[in-house]
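The file data20.cif comes next; it holds mmCIF, N, CA and C atoms.
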```
data_start
loop_
_atom_site.label_atom_id
_atom_site.label_comp_id
_atom_site.auth_asym_id
_atom_site.auth_seq_id
_atom_site.Cartn_x
_atom_site.Cartn_y
_atom_site.Cartn_z
N MET A 173 34.69 33.02 22.87
CA MET A 173 33.86 31.85 23.11
C MET A 173 32.45 32.14 22.58
N GLU A 174 31.90 31.17 21.88
CA GLU A 174 30.57 31.32 21.30
C GLU A 174 29.49 31.19 22.37
N LYS A 175 28.52 32.09 22.31
CA LYS A 175 27.41 32.05 23.27
C LYS A 175 26.40 30.99 22.83
N LEU A 176 26.04 30.10 23.74
CA LEU A 176 25.06 29.05 23.46
C LEU A 176 23.75 29.38 24.15
N ASP A 177 22.66 29.21 23.42
CA ASP A 177 21.35 29.38 24.02
C ASP A 177 20.94 28.08 24.69
N ARG A 178 20.32 28.19 25.81
CA ARG A 178 19.84 27.03 26.53
C ARG A 178 18.32 27.00 26.42
N ILE A 179 17.81 25.86 25.99
CA ILE A 179 16.36 25.69 25.84
C ILE A 179 15.90 24.65 26.84
N ILE A 180 14.87 24.98 27.57
CA ILE A 180 14.28 24.05 28.52
C ILE A 180 12.89 23.70 28.02
N GLN A 181 12.65 22.40 27.80
CA GLN A 181 11.33 21.96 27.38
C GLN A 181 10.64 21.34 28.57
N GLU A 182 9.38 21.66 28.70
CA GLU A 182 8.63 21.20 29.84
C GLU A 182 7.26 20.73 29.38
N SER A 183 6.83 19.61 29.90
CA SER A 183 5.50 19.10 29.59
C SER A 183 4.51 19.69 30.59
N VAL A 184 3.46 20.28 30.06
CA VAL A 184 2.44 20.87 30.92
C VAL A 184 1.25 19.93 30.96
N PRO A 185 0.93 19.42 32.14
CA PRO A 185 -0.17 18.47 32.21
C PRO A 185 -1.49 19.11 31.80
N GLY A 186 -2.23 18.37 31.03
CA GLY A 186 -3.55 18.80 30.62
C GLY A 186 -4.36 17.57 30.33
N LYS A 187 -5.64 17.73 30.28
CA LYS A 187 -6.50 16.60 29.96
C LYS A 187 -6.99 16.81 28.54
N GLN A 188 -6.31 16.15 27.59
CA GLN A 188 -6.69 16.38 26.20
C GLN A 188 -6.37 15.22 25.28
N VAL A 189 -7.18 15.10 24.25
CA VAL A 189 -6.92 14.20 23.14
C VAL A 189 -6.37 15.11 22.05
N THR A 190 -5.13 14.92 21.65
CA THR A 190 -4.51 15.82 20.68
C THR A 190 -4.59 15.29 19.25
N LEU A 191 -4.86 13.99 19.09
CA LEU A 191 -5.02 13.41 17.76
C LEU A 191 -5.93 12.20 17.86
N ALA A 192 -6.90 12.13 16.97
CA ALA A 192 -7.78 10.97 16.84
C ALA A 192 -8.02 10.81 15.34
N HIS A 193 -7.28 9.89 14.74
CA HIS A 193 -7.30 9.79 13.27
C HIS A 193 -7.46 8.35 12.81
N VAL A 194 -8.25 8.16 11.76
CA VAL A 194 -8.45 6.87 11.13
C VAL A 194 -7.70 6.85 9.80
N ILE A 195 -6.88 5.85 9.60
CA ILE A 195 -6.25 5.63 8.30
C ILE A 195 -6.97 4.44 7.68
N ALA A 196 -7.82 4.71 6.70
CA ALA A 196 -8.55 3.66 6.00
C ALA A 196 -7.65 3.10 4.90
N SER A 197 -7.58 1.79 4.81
CA SER A 197 -6.75 1.11 3.80
C SER A 197 -5.33 1.68 3.77
N PRO A 198 -4.55 1.44 4.83
CA PRO A 198 -3.18 1.97 4.88
C PRO A 198 -2.38 1.53 3.66
N GLY A 199 -1.50 2.41 3.20
CA GLY A 199 -0.66 2.12 2.06
C GLY A 199 0.30 0.98 2.33
N PRO A 200 0.87 0.44 1.26
CA PRO A 200 1.80 -0.68 1.40
C PRO A 200 2.96 -0.34 2.35
N GLY A 201 3.21 -1.23 3.27
CA GLY A 201 4.34 -1.06 4.17
C GLY A 201 4.07 -0.26 5.43
N VAL A 202 2.94 0.45 5.50
CA VAL A 202 2.68 1.28 6.69
C VAL A 202 2.59 0.40 7.93
N ASN A 203 1.78 -0.65 7.86
CA ASN A 203 1.63 -1.53 9.03
C ASN A 203 2.96 -2.11 9.46
N GLU A 204 3.73 -2.57 8.50
CA GLU A 204 5.02 -3.17 8.81
C GLU A 204 5.96 -2.17 9.48
N ARG A 205 5.97 -0.95 8.98
CA ARG A 205 6.89 0.06 9.52
C ARG A 205 6.54 0.51 10.93
N ILE A 206 5.24 0.44 11.26
CA ILE A 206 4.88 0.82 12.63
C ILE A 206 4.77 -0.41 13.54
N GLY A 207 5.00 -1.59 12.97
CA GLY A 207 5.08 -2.80 13.78
C GLY A 207 3.75 -3.40 14.18
N VAL A 208 2.71 -3.25 13.34
CA VAL A 208 1.42 -3.87 13.64
C VAL A 208 1.00 -4.74 12.46
N ALA A 209 0.12 -5.69 12.73
CA ALA A 209 -0.35 -6.59 11.68
C ALA A 209 -1.15 -5.83 10.63
N ALA A 210 -1.12 -6.33 9.40
CA ALA A 210 -1.88 -5.71 8.32
C ALA A 210 -3.37 -5.83 8.59
N GLY A 211 -4.11 -4.81 8.19
CA GLY A 211 -5.55 -4.81 8.38
C GLY A 211 -6.22 -3.78 7.51
N ASP A 212 -7.53 -3.66 7.67
CA ASP A 212 -8.32 -2.72 6.87
C ASP A 212 -8.08 -1.27 7.26
N ALA A 213 -7.91 -1.01 8.57
CA ALA A 213 -7.79 0.37 9.04
C ALA A 213 -6.93 0.43 10.29
N ILE A 214 -6.35 1.61 10.49
CA ILE A 214 -5.56 1.90 11.69
C ILE A 214 -6.16 3.14 12.34
N GLY A 215 -6.33 3.10 13.64
CA GLY A 215 -6.77 4.27 14.40
C GLY A 215 -5.64 4.73 15.29
N ILE A 216 -5.39 6.03 15.32
CA ILE A 216 -4.29 6.58 16.11
C ILE A 216 -4.84 7.60 17.10
N LEU A 217 -4.44 7.46 18.35
CA LEU A 217 -4.80 8.41 19.41
C LEU A 217 -3.54 8.88 20.10
N THR A 218 -3.47 10.18 20.39
CA THR A 218 -2.45 10.68 21.30
C THR A 218 -3.17 11.44 22.39
N LEU A 219 -2.74 11.20 23.62
CA LEU A 219 -3.47 11.67 24.79
C LEU A 219 -2.56 12.24 25.85
N SER A 220 -3.09 13.15 26.61
CA SER A 220 -2.38 13.72 27.74
C SER A 220 -3.36 13.85 28.90
N PRO A 221 -3.03 13.41 30.10
CA PRO A 221 -1.80 12.78 30.51
C PRO A 221 -1.63 11.42 29.85
N SER A 222 -0.40 11.00 29.74
CA SER A 222 -0.07 9.81 28.97
C SER A 222 -0.70 8.52 29.50
N GLU A 223 -0.95 8.45 30.79
CA GLU A 223 -1.57 7.26 31.36
C GLU A 223 -2.99 7.04 30.86
N THR A 224 -3.58 8.08 30.29
CA THR A 224 -4.92 7.97 29.73
C THR A 224 -4.96 6.96 28.59
N ALA A 225 -3.82 6.63 28.02
CA ALA A 225 -3.75 5.63 26.95
C ALA A 225 -4.34 4.30 27.41
N ILE A 226 -4.18 3.97 28.67
CA ILE A 226 -4.72 2.72 29.21
C ILE A 226 -6.24 2.76 29.19
N ILE A 227 -6.82 3.85 29.64
CA ILE A 227 -8.28 4.02 29.66
C ILE A 227 -8.82 4.02 28.24
N ALA A 228 -8.15 4.74 27.35
CA ALA A 228 -8.60 4.83 25.96
C ALA A 228 -8.58 3.48 25.27
N ALA A 229 -7.53 2.71 25.47
CA ALA A 229 -7.42 1.40 24.84
C ALA A 229 -8.53 0.47 25.34
N ASP A 230 -8.81 0.51 26.62
CA ASP A 230 -9.88 -0.31 27.19
C ASP A 230 -11.23 0.09 26.61
N ALA A 231 -11.50 1.39 26.55
CA ALA A 231 -12.78 1.87 26.01
C ALA A 231 -12.91 1.52 24.53
N ALA A 232 -11.83 1.65 23.76
CA ALA A 232 -11.86 1.33 22.33
C ALA A 232 -12.15 -0.15 22.11
N ALA A 233 -11.50 -1.00 22.89
CA ALA A 233 -11.69 -2.45 22.74
C ALA A 233 -13.11 -2.87 23.11
N LYS A 234 -13.74 -2.17 24.03
CA LYS A 234 -15.11 -2.49 24.44
C LYS A 234 -16.16 -1.89 23.51
N ALA A 235 -15.78 -0.86 22.76
CA ALA A 235 -16.74 -0.13 21.93
C ALA A 235 -17.04 -0.81 20.61
N ALA A 236 -16.07 -1.51 20.05
CA ALA A 236 -16.23 -2.12 18.73
C ALA A 236 -15.24 -3.27 18.58
N SER A 237 -15.38 -3.99 17.50
CA SER A 237 -14.52 -5.14 17.24
C SER A 237 -13.18 -4.67 16.68
N VAL A 238 -12.30 -4.21 17.59
CA VAL A 238 -10.97 -3.74 17.21
C VAL A 238 -9.93 -4.44 18.07
N GLU A 239 -8.70 -4.42 17.60
CA GLU A 239 -7.58 -4.94 18.37
C GLU A 239 -6.66 -3.79 18.73
N ILE A 240 -6.04 -3.90 19.88
CA ILE A 240 -5.06 -2.90 20.29
C ILE A 240 -3.72 -3.32 19.69
N GLY A 241 -3.23 -2.50 18.76
CA GLY A 241 -1.96 -2.80 18.11
C GLY A 241 -0.77 -2.29 18.89
N PHE A 242 -0.99 -1.20 19.64
CA PHE A 242 0.11 -0.57 20.37
C PHE A 242 -0.49 0.32 21.44
N LEU A 243 0.13 0.31 22.61
CA LEU A 243 -0.28 1.18 23.71
C LEU A 243 0.99 1.58 24.45
N ASP A 244 1.19 2.88 24.60
CA ASP A 244 2.35 3.37 25.33
C ASP A 244 1.89 4.34 26.41
N ARG A 245 1.92 3.88 27.64
CA ARG A 245 1.45 4.72 28.75
C ARG A 245 2.43 5.80 29.13
N PHE A 246 3.62 5.78 28.52
CA PHE A 246 4.62 6.81 28.81
C PHE A 246 4.54 7.98 27.83
N THR A 247 4.06 7.72 26.60
CA THR A 247 3.92 8.80 25.62
C THR A 247 2.46 9.16 25.34
N GLY A 248 1.53 8.33 25.79
CA GLY A 248 0.11 8.59 25.55
C GLY A 248 -0.33 8.23 24.15
N SER A 249 0.29 7.21 23.56
CA SER A 249 -0.04 6.79 22.21
C SER A 249 -0.80 5.47 22.22
N VAL A 250 -1.84 5.41 21.37
CA VAL A 250 -2.60 4.18 21.20
C VAL A 250 -2.83 3.98 19.71
N VAL A 251 -2.61 2.74 19.24
CA VAL A 251 -2.92 2.37 17.87
C VAL A 251 -3.90 1.22 17.93
N ILE A 252 -5.02 1.37 17.23
CA ILE A 252 -6.01 0.30 17.16
C ILE A 252 -6.17 -0.13 15.71
N MET A 253 -6.62 -1.37 15.55
CA MET A 253 -6.76 -1.92 14.21
C MET A 253 -8.08 -2.66 14.09
N GLY A 254 -8.61 -2.67 12.87
CA GLY A 254 -9.84 -3.39 12.59
C GLY A 254 -10.41 -2.91 11.27
N ASP A 255 -11.70 -3.21 11.06
CA ASP A 255 -12.32 -2.69 9.86
C ASP A 255 -12.59 -1.20 10.04
N VAL A 256 -12.75 -0.49 8.94
CA VAL A 256 -12.85 0.98 8.97
C VAL A 256 -13.97 1.45 9.89
N GLN A 257 -15.15 0.86 9.77
CA GLN A 257 -16.29 1.29 10.57
C GLN A 257 -16.04 1.07 12.07
N SER A 258 -15.47 -0.06 12.43
CA SER A 258 -15.20 -0.35 13.85
C SER A 258 -14.15 0.57 14.43
N VAL A 259 -13.09 0.83 13.68
CA VAL A 259 -12.04 1.72 14.14
C VAL A 259 -12.60 3.13 14.34
N GLU A 260 -13.36 3.61 13.36
CA GLU A 260 -13.94 4.95 13.46
C GLU A 260 -14.90 5.04 14.64
N GLU A 261 -15.75 4.04 14.82
CA GLU A 261 -16.70 4.03 15.93
C GLU A 261 -15.97 4.04 17.27
N SER A 262 -14.93 3.23 17.39
CA SER A 262 -14.21 3.17 18.67
C SER A 262 -13.54 4.49 19.00
N LEU A 263 -12.99 5.19 18.00
CA LEU A 263 -12.38 6.49 18.27
C LEU A 263 -13.42 7.50 18.73
N HIS A 264 -14.60 7.48 18.11
CA HIS A 264 -15.67 8.39 18.53
C HIS A 264 -16.10 8.09 19.98
N VAL A 265 -16.24 6.82 20.29
CA VAL A 265 -16.65 6.44 21.65
C VAL A 265 -15.60 6.89 22.67
N VAL A 266 -14.33 6.67 22.37
CA VAL A 266 -13.25 7.08 23.28
C VAL A 266 -13.29 8.59 23.50
N CYS A 267 -13.36 9.35 22.41
CA CYS A 267 -13.38 10.82 22.53
C CYS A 267 -14.59 11.30 23.31
N ASP A 268 -15.76 10.74 23.02
CA ASP A 268 -16.98 11.14 23.73
C ASP A 268 -16.88 10.80 25.22
N MET A 269 -16.39 9.61 25.54
CA MET A 269 -16.28 9.20 26.94
C MET A 269 -15.29 10.08 27.70
N LEU A 270 -14.13 10.35 27.10
CA LEU A 270 -13.16 11.19 27.77
C LEU A 270 -13.67 12.61 27.96
N HIS A 271 -14.39 13.13 26.98
CA HIS A 271 -14.97 14.48 27.07
C HIS A 271 -16.09 14.52 28.11
N ASP A 272 -17.07 13.63 27.96
CA ASP A 272 -18.27 13.69 28.78
C ASP A 272 -18.04 13.24 30.23
N ASN A 273 -17.23 12.20 30.43
CA ASN A 273 -17.05 11.64 31.77
C ASN A 273 -15.86 12.20 32.53
N LEU A 274 -14.81 12.60 31.80
CA LEU A 274 -13.59 13.03 32.47
C LEU A 274 -13.22 14.48 32.21
N GLY A 275 -14.02 15.19 31.42
CA GLY A 275 -13.79 16.60 31.18
C GLY A 275 -12.60 16.92 30.31
N PHE A 276 -12.24 16.02 29.39
CA PHE A 276 -11.12 16.24 28.51
C PHE A 276 -11.50 17.20 27.37
N CYS A 277 -10.53 17.93 26.89
CA CYS A 277 -10.67 18.68 25.63
C CYS A 277 -10.33 17.65 24.54
N VAL A 278 -11.18 17.56 23.54
CA VAL A 278 -10.94 16.56 22.49
C VAL A 278 -10.94 17.24 21.12
N VAL A 279 -10.25 16.59 20.19
CA VAL A 279 -10.25 17.05 18.81
C VAL A 279 -11.30 16.25 18.05
N GLU A 280 -11.61 16.72 16.86
CA GLU A 280 -12.52 16.00 15.98
C GLU A 280 -11.81 14.76 15.44
N VAL A 281 -12.56 13.67 15.32
CA VAL A 281 -11.99 12.47 14.72
C VAL A 281 -11.85 12.73 13.22
N THR A 282 -10.64 12.53 12.69
CA THR A 282 -10.38 12.76 11.28
C THR A 282 -10.11 11.43 10.59
N LYS A 283 -10.13 11.46 9.25
CA LYS A 283 -9.99 10.23 8.48
C LYS A 283 -9.28 10.49 7.17
N SER A 284 -8.40 9.56 6.80
CA SER A 284 -7.75 9.66 5.49
C SER A 284 -7.70 8.30 4.84
#
```
Take the structure I supplied and represent it as structure tokens, if you would.
Amino acid sequence: MEKLDRIIQESVPGKQVTLAHVIASPGPGVNERIGVAAGDAIGILTLSPSETAIIAADAAAKAASVEIGFLDRFTGSVVIMGDVQSVEESLHVVCDMLHDNLGFCVVEVTKS
């Protein structure tokens, strides 16, 4: 009988922003494939704990003229849309607020 290895994956709670990225002028089909309306820019956030997605989406919407394209409180994913400057500004505001007010570890906002 063949020996099988058993792998146990476990989520370790932490307060962190693991991705904060702006996609300026997304390529053809990107918006359609992720299920959001076409626009100038897409902002992507991944957060832990996952419920932080609700706080991040609210802060992003209040920080600049952006729309929430997707929010998943179970995976901690948020997608925002708008013009490049607004999307970038909202990501910076979210990261700063989570770091300064809630003690989160945050990554640098990146852009492509």
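Residues within 8 Å of range 231-234 of chain A, counting only C-alpha atoms and excluding same-chain residues fewer than 4 positions away, are Ile227, Val238, Glu239, Ile240, Ile252, Ser262, Leu263, Val265 and Val266 of chain A.
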From the list A:Gly248, A:Glu204, A:Ala236, A:Val194, which residue is nearest Thr218 in chain A when using only N, CA and C atoms?
->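 That would be A:Gly248, the residue with the smallest distance to Thr218 in chain A.
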Report, as JSON, the axis-aligned box around all atoms of range 251-256 of chain A present in the file, extended by 4 Å on each side; give centre and edge lengths in Å to one decimal place.
```
{"center_x": -8.3, "center_y": -0.3, "center_z": 14.1, "size_x": 19.4, "size_y": 14.1, "size_z": 18.3}
```
Which polymer residues have any atom within 12 Å of an atom of Arg245 in chain A, counting only C-alpha atoms, with same-chain residues fewer than 2 positions away left out, as a list in words?
->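 Near Arg245 in chain A, the qualifying residues are Leu217, Thr218, Leu219, Ser220, Pro221, Ser222, Glu223, Thr224, Ala225, Ile226, Ile227, Ala228, Ala229, Phe242, Leu243, Thr247, Gly248, Ser249, Val250 and Val251 of chain A.
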Would you write out, as a PyMOL selection string, every residue that the PyMOL selection byres (((chain A and resi 195 and name CA) around 10) and name CA) captures in this file?
-> chain A and resi 193-194+196-199+212-216+253+256+259-260+282-284
By how many Å are CA of Val281 in chain A and CA of Asp268 in chain A apart?
->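 Between CA of Val281 in chain A and CA of Asp268 in chain A the gap is 10.4 Å.
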Provide the CA of Ile206 in chain A to CA of Gln257 in chain A distance in Å, to one decimal place.
->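 Going from CA of Ile206 in chain A over to CA of Gln257 in chain A, I get 21.3 Å.
The shortest atom-to-atom distance to Gly275 in chain A, with all atoms listed in the file taken into account, belongs to A:Lys187 out of A:Val208, A:Lys187, A:Ala192, A:Asn203.
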Quick one: of A:Leu274, A:Ala235, A:Val279, A:Val189, who's nearest to Ser258 in chain A, counting only C-alpha atoms?
->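 Using only C-alpha atoms, the shortest distance to Ser258 in chain A belongs to A:Ala235.
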One-decimal distance in Å that lies between atom N of Ala210 in chain A and atom N of His271 in chain A = 29.4 Å
Which of chain A DSSP labels strand (DSSP E or B), written as a VMD selection string = chain A and resid 188 to 196 213 to 220 238 to 244 249 to 254 277 282 to 283
